[in-house]
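To be precise, the following lines are query_36.cif, and they hold mmCIF, C-alpha atoms.
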```
data_work
loop_
_atom_site.label_atom_id
_atom_site.label_comp_id
_atom_site.auth_asym_id
_atom_site.auth_seq_id
_atom_site.Cartn_x
_atom_site.Cartn_y
_atom_site.Cartn_z
CA MET T 1 101.99 80.53 -20.97
CA ALA T 2 98.65 79.08 -21.88
CA ARG T 3 97.52 75.46 -21.93
CA GLU T 4 97.34 75.47 -25.72
CA ASP T 5 101.05 76.41 -25.88
CA VAL T 6 102.15 73.21 -24.14
CA PRO T 7 102.36 70.85 -27.16
CA VAL T 8 104.67 73.29 -28.96
CA ILE T 9 106.75 73.80 -25.81
CA ALA T 10 106.99 70.02 -25.38
CA SER T 11 108.16 69.66 -28.96
CA MET T 12 110.83 72.32 -28.43
CA PHE T 13 111.86 70.73 -25.13
CA GLN T 14 112.28 67.37 -26.85
CA ARG T 15 114.34 68.74 -29.75
CA ILE T 16 116.35 71.52 -28.12
CA LEU T 17 116.99 70.39 -24.55
CA ARG T 18 116.70 66.61 -24.90
CA ARG T 19 118.21 66.50 -28.41
CA ASP T 20 115.67 63.83 -29.35
CA ARG T 21 114.14 63.85 -32.82
CA ARG T 22 111.10 61.80 -31.82
CA ALA T 23 107.81 63.56 -31.26
CA ALA T 24 107.08 64.64 -27.70
CA SER T 25 105.11 61.93 -25.91
CA PRO T 26 101.70 62.51 -24.31
CA ASP T 27 103.42 61.83 -20.97
CA LEU T 28 105.87 64.70 -21.52
CA ILE T 29 103.08 67.06 -22.61
CA ALA T 30 101.04 66.10 -19.55
CA TYR T 31 103.98 66.58 -17.20
CA LEU T 32 104.95 69.98 -18.61
CA SER T 33 101.31 71.07 -18.22
CA LYS T 34 101.21 69.90 -14.64
CA LEU T 35 104.60 71.30 -13.67
CA PHE T 36 104.32 74.74 -15.21
CA LEU T 37 100.58 75.45 -15.19
CA ASP T 38 99.92 73.97 -11.77
CA PRO T 39 103.33 74.14 -10.07
CA PRO T 40 103.99 73.41 -6.43
CA ASN T 41 104.27 76.53 -4.25
CA ARG T 42 101.84 78.23 -6.63
CA ASP T 43 101.95 82.04 -6.79
CA PRO T 44 99.22 83.69 -8.87
CA ASP T 45 101.57 86.45 -10.04
CA ILE T 46 104.53 84.26 -11.05
CA ALA T 47 104.12 82.21 -14.21
CA SER T 48 106.11 80.58 -16.98
CA LEU T 49 106.76 82.71 -20.05
CA VAL T 50 106.51 82.11 -23.77
CA HIS T 51 107.87 84.23 -26.59
CA LEU T 52 105.59 84.62 -29.60
CA ARG T 53 106.53 85.38 -33.17
CA ALA T 54 104.69 88.11 -35.05
CA ASP T 55 102.25 85.47 -36.33
CA GLY T 56 101.44 84.41 -32.76
CA SER T 57 103.32 81.10 -32.84
CA VAL T 58 105.53 80.12 -29.89
CA SER T 59 109.28 80.54 -30.47
CA GLY T 60 110.69 80.57 -26.94
CA PHE T 61 110.03 79.44 -23.39
CA MET T 62 111.16 80.11 -19.85
CA GLY T 63 109.82 77.61 -17.34
CA VAL T 64 109.23 79.35 -14.02
CA LEU T 65 108.70 77.64 -10.69
CA PRO T 66 107.61 79.83 -7.78
CA MET T 67 109.05 79.21 -4.34
CA ARG T 68 108.36 80.84 -1.00
CA MET T 69 111.50 81.61 0.96
CA ALA T 70 112.36 83.29 4.23
CA PHE T 71 115.37 85.35 5.24
CA GLU T 72 115.80 85.76 8.97
CA GLY T 73 112.06 85.51 9.40
CA ARG T 74 111.18 87.83 6.51
CA PRO T 75 108.99 86.13 3.89
CA LEU T 76 110.26 86.34 0.31
CA ARG T 77 108.91 85.41 -3.07
CA ALA T 78 111.36 83.57 -5.30
CA ALA T 79 111.10 82.34 -8.87
CA ILE T 80 113.29 79.64 -10.38
CA GLY T 81 113.86 79.95 -14.10
CA GLY T 82 114.76 76.90 -16.15
CA SER T 83 114.06 75.02 -19.38
CA PHE T 84 115.12 78.27 -21.08
CA MET T 85 115.03 77.72 -24.85
CA VAL T 86 114.47 79.57 -28.08
CA GLU T 87 113.77 78.10 -31.49
CA ASP T 88 116.48 79.13 -33.99
CA HIS T 89 117.87 81.56 -31.44
CA GLU T 90 120.60 82.81 -33.78
CA ASP T 91 117.95 84.07 -36.19
CA ASP T 92 115.97 85.78 -33.44
CA PRO T 93 118.27 86.97 -30.67
CA TYR T 94 115.52 89.23 -29.35
CA ALA T 95 113.48 86.29 -28.12
CA GLY T 96 115.98 85.09 -25.50
CA ALA T 97 116.76 88.63 -24.40
CA ARG T 98 113.08 89.46 -23.92
CA LEU T 99 112.31 86.22 -22.09
CA LEU T 100 115.14 86.58 -19.60
CA ARG T 101 114.44 90.24 -18.98
CA ALA T 102 110.71 89.63 -18.58
CA PHE T 103 111.51 86.88 -16.07
CA GLN T 104 113.80 89.12 -14.02
CA ASN T 105 111.25 91.93 -14.12
CA GLY T 106 108.65 89.71 -12.47
CA PRO T 107 107.18 90.45 -9.03
CA GLN T 108 109.52 88.08 -7.18
CA ASP T 109 112.15 89.24 -4.69
CA LEU T 110 114.63 86.66 -5.92
CA SER T 111 115.18 85.35 -9.45
CA LEU T 112 117.14 82.12 -9.46
CA THR T 113 118.46 79.50 -11.83
CA GLU T 114 120.62 76.46 -11.23
CA THR T 115 120.90 75.25 -14.81
CA ALA T 116 122.37 78.15 -16.77
CA ASN T 117 124.61 77.06 -19.65
CA ASP T 118 127.42 79.29 -20.90
CA VAL T 119 125.16 81.40 -23.13
CA SER T 120 122.51 81.84 -20.44
CA THR T 121 125.15 82.63 -17.84
CA THR T 122 126.51 85.43 -20.00
CA MET T 123 123.00 86.82 -20.46
CA TRP T 124 122.28 86.66 -16.73
CA ARG T 125 125.57 88.41 -16.04
CA LYS T 126 124.64 91.26 -18.40
CA LEU T 127 121.43 91.72 -16.43
CA ARG T 128 123.39 92.05 -13.19
CA GLY T 129 122.87 88.49 -12.08
CA THR T 130 125.33 87.20 -9.49
CA ILE T 131 127.08 83.96 -10.40
CA LEU T 132 127.51 81.74 -7.35
CA PRO T 133 130.67 79.64 -7.77
CA ASP T 134 130.15 77.66 -4.55
CA TYR T 135 126.74 76.51 -5.78
CA SER T 136 127.85 75.92 -9.38
CA LEU T 137 130.30 73.05 -9.09
CA GLU T 138 129.62 69.49 -10.10
CA TRP T 139 131.36 67.19 -7.66
CA LEU T 140 132.52 63.65 -8.27
CA ARG T 141 133.69 60.96 -5.87
CA VAL T 142 135.15 57.92 -7.59
CA ILE T 143 134.61 54.67 -5.72
CA ARG T 144 135.74 51.93 -8.15
CA PRO T 145 138.15 53.51 -10.65
CA THR T 146 138.30 50.85 -13.37
CA ALA T 147 134.55 50.39 -13.41
CA PHE T 148 134.16 54.16 -13.38
CA VAL T 149 136.29 54.56 -16.51
CA SER T 150 134.40 51.73 -18.16
CA GLU T 151 131.07 53.36 -17.30
CA MET T 152 132.22 56.73 -18.61
CA ALA T 153 133.30 55.10 -21.87
CA ALA T 154 129.94 53.32 -22.09
CA GLY T 155 128.26 56.69 -21.74
CA VAL T 156 129.86 57.64 -25.05
CA PHE T 157 129.47 54.24 -26.76
CA GLY T 158 126.94 51.94 -25.11
CA PRO T 159 128.34 48.53 -26.18
CA LEU T 160 131.47 49.22 -24.15
CA ARG T 161 129.34 48.41 -21.11
CA LEU T 162 129.90 44.75 -22.07
CA ILE T 163 133.46 44.97 -20.80
CA SER T 164 132.44 46.38 -17.43
CA PRO T 165 132.44 42.92 -15.70
CA LEU T 166 136.19 42.83 -16.36
CA ALA T 167 136.59 45.91 -14.20
CA ARG T 168 135.31 44.25 -11.06
CA PRO T 169 138.33 42.00 -10.32
CA ILE T 170 140.74 44.80 -11.16
CA ASP T 171 139.03 47.13 -8.70
CA ALA T 172 138.98 44.36 -6.09
CA LEU T 173 142.72 43.92 -6.57
CA LEU T 174 143.29 47.67 -6.24
CA GLY T 175 141.31 47.63 -3.02
CA ARG T 176 143.61 44.95 -1.59
CA ILE T 177 146.79 46.68 -2.74
CA ALA T 178 145.71 50.11 -1.46
CA PRO T 179 143.05 49.65 1.21
CA GLY T 180 142.99 53.34 2.15
CA ALA T 181 140.89 56.00 0.45
CA GLY T 182 142.57 57.72 -2.51
CA TRP T 183 141.28 60.49 -4.76
CA ALA T 184 140.62 57.92 -7.47
CA HIS T 185 139.28 55.05 -5.42
CA LEU T 186 137.35 54.35 -2.25
CA PRO T 187 137.47 50.74 -1.08
CA ALA T 188 134.65 49.79 1.27
CA ALA T 189 137.30 48.88 3.82
CA ALA T 190 138.40 52.53 3.96
CA LEU T 191 135.12 53.47 5.60
CA GLY T 192 135.29 50.23 7.57
CA GLY T 193 132.14 50.50 9.67
CA LYS T 194 133.09 53.95 10.93
CA ALA T 195 130.27 55.67 9.03
CA LEU T 196 127.05 56.52 10.84
CA PRO T 197 124.19 54.16 10.08
CA SER T 198 121.41 55.15 7.72
CA SER T 199 117.91 53.89 7.11
CA ASP T 200 115.33 54.33 4.37
CA ALA T 201 113.27 57.48 4.76
CA ASP T 202 109.68 57.35 3.54
CA ALA T 203 108.19 60.40 1.84
CA GLU T 204 106.65 61.77 5.01
CA THR T 205 109.86 61.40 7.01
CA ALA T 206 111.90 62.92 4.19
CA ALA T 207 109.61 65.95 3.96
CA ALA T 208 109.83 66.49 7.72
CA LEU T 209 113.63 66.27 7.65
CA PHE T 210 113.83 68.60 4.66
CA ARG T 211 111.91 71.27 6.54
CA ARG T 212 113.95 70.79 9.69
CA PHE T 213 117.37 70.91 8.03
CA VAL T 214 116.80 73.76 5.55
CA GLU T 215 115.54 76.03 8.31
CA LEU T 216 119.07 76.00 9.72
CA HIS T 217 120.10 78.26 6.79
CA ALA T 218 119.66 82.03 7.15
CA LEU T 219 117.83 82.16 3.81
CA HIS T 220 115.81 79.06 3.07
CA PRO T 221 112.73 77.74 1.30
CA ASP T 222 109.46 77.87 3.18
CA TRP T 223 107.56 75.13 1.41
CA PRO T 224 103.92 74.56 2.29
CA GLU T 225 103.59 71.02 3.61
CA ALA T 226 101.44 69.67 0.77
CA ASP T 227 103.67 71.20 -1.90
CA LEU T 228 106.83 69.75 -0.40
CA GLN T 229 105.18 66.34 -0.25
CA ARG T 230 104.26 66.65 -3.91
CA MET T 231 107.88 67.52 -4.78
CA VAL T 232 109.17 64.58 -2.74
CA ALA T 233 106.72 62.25 -4.50
CA GLU T 234 107.67 63.53 -7.98
CA SER T 235 111.37 63.26 -7.20
CA GLY T 236 110.94 59.50 -6.93
CA ARG T 237 110.88 59.12 -10.71
CA LYS T 238 114.19 59.55 -12.51
CA ALA T 239 114.42 56.45 -14.67
CA ASN T 240 117.48 57.61 -16.61
CA TYR T 241 119.43 58.00 -13.38
CA GLY T 242 118.41 54.63 -11.87
CA GLY T 243 116.65 53.61 -8.70
CA MET T 244 116.09 56.13 -5.93
CA VAL T 245 117.97 55.85 -2.64
CA ARG T 246 116.58 58.13 0.07
CA ARG T 247 117.98 57.59 3.53
CA GLN T 248 118.20 59.40 6.81
CA VAL T 249 121.50 59.31 8.67
CA LEU T 250 121.26 58.52 12.34
CA ALA T 251 123.55 59.38 15.22
CA ARG T 252 124.54 56.50 17.50
CA ASN T 253 121.63 57.43 19.76
CA GLY T 254 119.18 57.23 16.86
CA THR T 255 118.73 60.99 16.31
CA PRO T 256 118.54 61.99 12.62
CA VAL T 257 121.56 64.14 11.73
CA GLY T 258 121.20 64.16 7.97
CA LEU T 259 119.46 62.97 4.85
CA PHE T 260 120.75 62.01 1.42
CA LEU T 261 118.91 61.40 -1.82
CA TYR T 262 120.53 59.86 -4.85
CA TYR T 263 119.72 57.75 -7.87
CA GLY T 264 121.77 54.91 -9.25
CA ASP T 265 122.11 51.22 -9.86
CA ARG T 266 124.87 48.71 -9.27
CA ALA T 267 127.93 49.29 -11.52
CA ARG T 268 126.62 52.73 -12.51
CA ILE T 269 127.43 56.32 -11.51
CA GLY T 270 124.98 57.59 -8.90
CA ARG T 271 123.45 61.06 -9.13
CA VAL T 272 123.03 62.87 -5.82
CA ILE T 273 120.22 65.42 -5.75
CA GLN T 274 120.43 66.51 -2.15
CA VAL T 275 122.54 66.09 0.97
CA LEU T 276 121.27 67.68 4.19
CA ALA T 277 123.10 67.70 7.48
CA LEU T 278 123.06 69.28 10.86
CA PRO T 279 125.89 71.83 11.24
CA GLY T 280 129.06 69.96 12.11
CA GLN T 281 127.70 66.64 10.86
CA GLU T 282 128.32 67.22 7.14
CA GLY T 283 131.33 64.91 6.98
CA ALA T 284 129.59 62.14 8.87
CA VAL T 285 126.57 62.35 6.58
CA ILE T 286 128.76 62.27 3.48
CA ASP T 287 130.66 59.26 4.83
CA SER T 288 127.38 57.49 5.48
CA MET T 289 126.24 58.21 1.92
CA LEU T 290 129.53 56.96 0.46
CA ALA T 291 129.33 53.80 2.57
CA ASP T 292 125.80 53.21 1.27
CA ALA T 293 126.94 53.70 -2.34
CA CYS T 294 129.89 51.33 -1.81
CA GLU T 295 127.57 48.71 -0.39
CA ARG T 296 125.23 49.01 -3.37
CA GLY T 297 128.12 48.57 -5.82
CA LEU T 298 128.01 52.02 -7.42
CA VAL T 299 131.21 53.04 -9.18
CA ALA T 300 131.03 56.74 -8.30
CA LEU T 301 128.72 59.44 -7.01
CA ARG T 302 128.26 62.87 -8.52
CA GLY T 303 126.15 65.85 -7.54
CA ARG T 304 125.89 69.60 -7.24
CA SER T 305 127.86 71.56 -4.68
CA GLN T 306 126.43 73.45 -1.76
CA PRO T 307 128.68 75.69 0.34
CA ALA T 308 127.73 73.96 3.59
CA LEU T 309 129.19 70.70 2.25
CA LEU T 310 132.34 71.98 0.59
CA ASP T 311 134.70 71.81 3.56
CA ALA T 312 133.78 68.22 4.29
CA MET T 313 134.08 67.26 0.63
CA LEU T 314 137.53 68.81 0.26
CA GLY T 315 138.79 66.67 3.09
CA ARG T 316 137.38 63.55 1.45
CA ARG T 317 139.07 63.80 -1.93
CA PHE T 318 136.13 64.90 -4.03
CA ALA T 319 136.86 66.26 -7.50
CA PHE T 320 135.07 69.36 -8.77
CA VAL T 321 134.29 70.69 -12.23
CA HIS T 322 132.01 73.42 -13.48
CA ALA T 323 129.00 72.22 -15.44
CA SER T 324 126.20 74.77 -15.30
CA SER T 325 125.80 77.88 -13.21
CA SER T 326 123.65 78.75 -10.23
CA ILE T 327 122.75 82.43 -10.39
CA VAL T 328 120.73 84.84 -8.29
CA HIS T 329 119.29 88.23 -9.18
CA ALA T 330 117.56 90.60 -6.76
CA ARG T 331 116.62 94.25 -6.90
CA ASP T 332 117.39 94.41 -3.15
CA GLN T 333 121.13 93.79 -3.02
CA SER T 334 120.99 92.87 0.67
CA LEU T 335 119.34 89.62 -0.42
CA ILE T 336 122.43 88.64 -2.43
CA ALA T 337 124.69 88.66 0.64
CA PRO T 338 123.46 85.36 2.15
CA PHE T 339 124.06 83.65 -1.20
CA ARG T 340 127.58 85.03 -1.41
CA ALA T 341 128.22 83.96 2.17
CA GLY T 342 126.93 80.45 1.54
CA GLN T 343 124.10 80.95 4.03
CA ALA T 344 121.30 80.39 1.52
CA PHE T 345 119.81 76.99 0.84
CA PHE T 346 119.77 76.70 -2.94
CA ASN T 347 120.00 73.89 -5.56
CA GLY T 348 118.27 70.53 -5.57
CA PHE T 349 114.83 70.85 -4.01
CA ALA T 350 115.40 74.60 -3.82
CA GLY T 351 115.71 74.58 -7.58
CA GLU T 352 114.39 72.39 -10.35
CA SER T 353 116.50 69.24 -9.93
CA TRP T 354 113.74 67.45 -8.02
CA SER T 355 111.41 67.49 -11.01
CA ARG T 356 111.01 64.68 -13.50
CA LEU T 357 112.37 66.94 -16.25
CA LEU T 358 115.86 66.13 -15.04
CA GLY T 359 116.54 62.44 -15.28
CA ASP T 360 113.20 60.81 -16.05
CA ARG T 361 111.92 59.18 -19.23
CA PHE T 362 108.76 60.24 -20.98
CA ASP T 363 108.38 57.39 -23.48
CA MET C 364 118.52 113.07 -35.09
CA SER C 365 120.35 114.06 -31.94
CA ALA C 366 124.08 114.20 -32.58
CA SER C 367 124.98 113.56 -28.98
CA VAL C 368 122.72 110.51 -28.66
CA LYS C 369 124.11 109.12 -31.89
CA SER C 370 127.71 109.71 -30.91
CA GLU C 371 127.20 108.07 -27.55
CA ILE C 372 125.58 105.03 -29.15
CA HIS C 373 128.41 104.91 -31.67
CA ALA C 374 130.96 105.02 -28.86
CA PHE C 375 129.17 102.23 -26.99
CA ILE C 376 129.05 99.99 -30.05
CA VAL C 377 132.70 100.60 -30.89
CA GLU C 378 133.84 99.90 -27.35
CA ASN C 379 131.65 96.88 -26.64
CA PHE C 380 131.17 95.14 -29.98
CA LEU C 381 134.04 96.29 -32.19
CA PHE C 382 136.90 96.10 -29.70
CA GLY C 383 137.65 99.78 -30.24
CA ASP C 384 137.89 99.60 -34.04
CA ALA C 385 135.72 102.53 -35.15
CA SER C 386 136.50 101.84 -38.81
CA GLN C 387 134.15 98.82 -38.62
CA LEU C 388 131.18 100.85 -37.45
CA PRO C 389 128.20 100.01 -39.69
CA ALA C 390 126.19 102.66 -41.48
CA GLU C 391 123.14 103.97 -39.66
CA GLU C 392 120.63 101.80 -41.50
CA ILE C 393 122.63 98.57 -41.48
CA SER C 394 121.24 95.78 -39.27
CA LEU C 395 123.38 95.07 -36.21
CA ILE C 396 121.96 91.56 -36.08
CA GLU C 397 122.41 90.60 -39.71
CA THR C 398 126.02 91.80 -39.61
CA ASP C 399 126.56 89.52 -36.57
CA LEU C 400 127.62 92.49 -34.52
CA VAL C 401 125.06 91.90 -31.80
CA ASP C 402 123.52 88.72 -30.39
CA SER C 403 121.03 88.15 -27.56
CA THR C 404 123.65 89.07 -24.98
CA GLY C 405 124.52 92.22 -26.90
CA ILE C 406 120.87 93.22 -27.02
CA LEU C 407 120.69 93.01 -23.23
CA GLU C 408 123.86 95.09 -23.00
CA MET C 409 122.29 97.75 -25.20
CA VAL C 410 119.08 97.77 -23.18
CA LEU C 411 120.99 98.40 -19.95
CA PHE C 412 123.19 100.99 -21.64
CA LEU C 413 120.21 102.96 -22.94
CA GLU C 414 118.45 102.81 -19.57
CA GLU C 415 121.47 103.92 -17.60
CA ARG C 416 122.97 106.43 -19.99
CA PHE C 417 119.80 108.15 -21.14
CA ALA C 418 117.67 107.63 -18.03
CA ILE C 419 114.88 105.93 -19.92
CA SER C 420 112.94 102.80 -19.08
CA VAL C 421 112.77 100.07 -21.72
CA ALA C 422 109.72 97.82 -21.50
CA ASP C 423 110.13 94.15 -22.42
CA ALA C 424 107.76 94.64 -25.36
CA GLU C 425 109.99 97.41 -26.71
CA ILE C 426 112.97 95.07 -27.15
CA VAL C 427 112.24 94.50 -30.83
CA PRO C 428 114.07 95.05 -34.12
CA ASP C 429 112.02 98.17 -34.82
CA ASN C 430 113.78 99.84 -31.90
CA PHE C 431 117.14 98.08 -31.72
CA ASP C 432 118.20 96.75 -35.10
CA THR C 433 120.15 99.76 -36.44
CA VAL C 434 121.91 102.79 -35.07
CA ALA C 435 119.25 105.02 -36.62
CA ARG C 436 116.46 103.06 -34.89
CA LEU C 437 118.28 103.14 -31.58
CA VAL C 438 118.68 106.90 -31.77
CA ALA C 439 115.04 107.40 -32.81
CA PHE C 440 113.90 105.13 -29.98
CA VAL C 441 115.85 107.11 -27.38
CA GLU C 442 114.50 110.37 -28.71
CA ARG C 443 110.90 109.09 -28.66
CA LYS C 444 111.30 107.86 -25.08
CA ARG C 445 112.80 111.15 -23.96
CA ALA C 446 110.09 113.15 -25.70
CA ALA C 447 107.39 111.01 -24.09
CA ALA C 448 108.97 111.50 -20.69
CA GLU C 449 109.05 115.29 -21.14
CA ALA C 450 105.47 115.51 -22.47
#
```

Since I need it in another form, could you write the structure as structure tokens?
Amino acid sequence: MAREDVPVIASMFQRILRRDRRAASPDLIAYLSKLFLDPPNRDPDIASLVHLRADGSVSGFMGVLPMRMAFEGRPLRAAIGGSFMVEDHEDDPYAGARLLRAFQNGPQDLSLTETANDVSTTMWRKLRGTILPDYSLEWLRVIRPTAFVSEMAAGVFGPLRLISPLARPIDALLGRIAPGAGWAHLPAAALGGKALPSSDADAETAAALFRRFVELHALHPDWPEADLQRMVAESGRKANYGGMVRRQVLARNGTPVGLFLYYGDRARIGRVIQVLALPGQEGAVIDSMLADACERGLVALRGRSQPALLDAMLGRRFAFVHASSSIVHARDQSLIAPFRAGQAFFNGFAGESWSRLLGDRFD
Amino acid sequence: MSASVKSEIHAFIVENFLFGDASQLPAEEISLIETDLVDSTGILEMVLFLEERFAISVADAEIVPDNFDTVARLVAFVERKRAAAEA
């Protein structure tokens, strides 16, 4: 990928991945340049890839983000592939095949993706990629059911949002009739002050907690300090998802036991990018996050699964569906085992979800 | 053209892309892409098949229609790679 390729890549990104017919904005072009030509965790041997037609024009792209990782003290090089797209891919099936294979043949120990659609997943599988079901589920926790349905309908047809104020009294009534937590509703009273307290975490605190909590996983990112701070700063902008909520969860004695990061506004569905917790505190951290979302008036929370959180979520009536796949490929098969065992920290900041490409506007 | 290479490629195509129906096997010079027999996933399948079955290494730059688009080109590609390896 060269700097002069970026305007074409931005145009493809806008049309193919964002399904937006407008021209790519200067902001999008600038961000793609910054993200893929000067990525955090820079590795001189790992770069984004373009596919060129015979005439030299760009017809495909694989955005690659390097990431240092460590497995039981052993340093590893990882590469996260995303923004995988090919212009008129049905006319040129070689382009996607070459891009994905070239990516996997890179110098990294681990090739990862967390955003593979059905077509990409099939291609990864053919190249001996390992699909990770426990990392590939989209979870949903409904808080206010009537408002949630209204919000979902508005997602299909925007003017339906006008009826959302009618949902509020209905949900309030449901909360009085059934004050306990159900799979389709979560009245604030159900958490009733039992959740651990949380407080806003500034960027510096969040970065410190990220490092501390991920290191509890056998295989985990090993972000350089400055790069992690850059990622934390960039993650603050996801205008399409709503305002950012980044809070540390505190034990009764004031010790941080977890961190959650989500985006969302009152009467909207919140998007959770990351939940971190000390072992054994997952449920308490999730309860604290749900209490926070209830207090802010969100109608539901959704996010991506991580094995460490699944047990606690199952006991709290979360719903799960498959959206896109998280996949790992490694020439050394012993590196796959920690992913299969749920001992690898992957998705969210150990992926591409932190970037502005997911959830921000570039108008 | 090596008969054994061709027959093995034929067998792979019949089993993986034609659901066992050998009567649908295209002629040697017919494009596998234009007949919708193979897509990007199928190309990757063929790459891995050639590497594993014929013990050759396929470079990313070699995954092009000139080498993969027809049975005849696939066979010629395998033979070139084998000859280069033996030289």

Distance query Gly236 in chain T at most 10 Å, all atoms listed in the file, self and fewer than 3 positions along chain excluded, as a PyMOL selection string: chain T and resi 203+231-233+239+243-246+261-263+354-356+360

The PyMOL selection byres ((chain T) within 12 of (chain C)) applied to the shown file, residues as number ranges by chain: T: 51-54, 86, 88-106, 118-128

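For Ala390 in chain C, the residues within 12 Å (counting only C-alpha atoms, excluding itself and residues fewer than 4 positions away along the chain) are Lys369, His373, Ala385, Ser386, Ser394, Leu395, Thr398, Asp432, Thr433, Val434, Ala435 and Arg436 of chain C.
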
Output check: residues returned by the PyMOL selection byres ((chain C and resi 418) around 12), as a PyMOL selection string: chain C and resi 410-417+419-421+441-442+444-445+448-449

Reference answer for the PyMOL selection byres ((chain T and resi 22) around 12), as an MDAnalysis selection string: chainID T and resid 10:16 18:21 23:25 28 362:363

Mind checking which residues fall within 6 Å of range 184-190 of chain T, counting all atoms listed in the file, ignoring those fewer than 6 positions away in the same chain, and posting them as a compact mmCIF listing (two decimals) with C-alpha atoms, keeping the file's coordinate frame?
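After the write, around33.txt holds the following:
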```
# COMPACT_ATOMS: atom_id res chain seq x y z
CA VAL T 142 135.15 57.92 -7.59
CA ILE T 143 134.61 54.67 -5.72
CA ARG T 144 135.74 51.93 -8.15
CA PRO T 145 138.15 53.51 -10.65
CA GLY T 175 141.31 47.63 -3.02
CA CYS T 294 129.89 51.33 -1.81
```

Two-atom distance - CA of Ala47 in chain T, CA of Ser83 in chain T (Å): 13.3 Å

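The nearest approach to Val438 in chain C among the residues C:Val377, C:Gln387, C:Glu392, C:Leu400, with only C-alpha atoms taken into account, belongs to C:Glu392.
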
So which residues touch Ala284 in chain T within 12 Å, counting only C-alpha atoms, skipping near sequence neighbours fewer than 5 positions away, as a compact mmCIF listing (two decimals) with C-alpha atoms, in the frame of the given file?
```txt
# COMPACT_ATOMS: atom_id res chain seq x y z
CA LEU T 191 135.12 53.47 5.60
CA GLY T 193 132.14 50.50 9.67
CA LYS T 194 133.09 53.95 10.93
CA ALA T 195 130.27 55.67 9.03
CA LEU T 196 127.05 56.52 10.84
CA PRO T 197 124.19 54.16 10.08
CA SER T 198 121.41 55.15 7.72
CA GLN T 248 118.20 59.40 6.81
CA VAL T 249 121.50 59.31 8.67
CA LEU T 250 121.26 58.52 12.34
CA ALA T 251 123.55 59.38 15.22
CA ARG T 252 124.54 56.50 17.50
CA PRO T 256 118.54 61.99 12.62
CA VAL T 257 121.56 64.14 11.73
CA GLY T 258 121.20 64.16 7.97
CA LEU T 259 119.46 62.97 4.85
CA PHE T 260 120.75 62.01 1.42
CA VAL T 275 122.54 66.09 0.97
CA LEU T 276 121.27 67.68 4.19
CA ALA T 277 123.10 67.70 7.48
CA LEU T 278 123.06 69.28 10.86
CA PRO T 279 125.89 71.83 11.24
CA MET T 289 126.24 58.21 1.92
CA LEU T 290 129.53 56.96 0.46
CA ALA T 291 129.33 53.80 2.57
CA LEU T 309 129.19 70.70 2.25
CA ALA T 312 133.78 68.22 4.29
CA MET T 313 134.08 67.26 0.63
CA GLY T 315 138.79 66.67 3.09
CA ARG T 316 137.38 63.55 1.45
```

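What separates CA of Arg304 in chain T from CA of Gly348 in chain T is a distance of 7.9 Å.
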
d(CA of Ala70 in chain T, CA of Leu219 in chain T) in Å: 5.6 Å

Selection near Leu137 in chain T, 12 Å with only C-alpha atoms, sequence-local residues under 2 positions removed, as a list in words: Glu114, Thr115, Ile131, Leu132, Pro133, Asp134, Tyr135, Trp139, Leu140, Arg302, Gly303, Arg304, Ser305, Gln306, Pro307, Leu309, Leu310, Met313, Phe318, Ala319, Phe320, Val321, His322, Ala323, Ser324, Ser325, Ser326 and Asn347 of chain T

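Each of T:Pro338, T:Gly180, T:Pro75, T:Gln274 was checked against Leu209 in chain T using all atoms listed in the file; the smallest atom-to-atom distance is that of T:Gln274.
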
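In terms of minimum interatomic distance to Asp109 in chain T, T:Ile336 ranks closest within T:Val285, T:Ala350, T:Ile336, T:Leu17, counting only C-alpha atoms.
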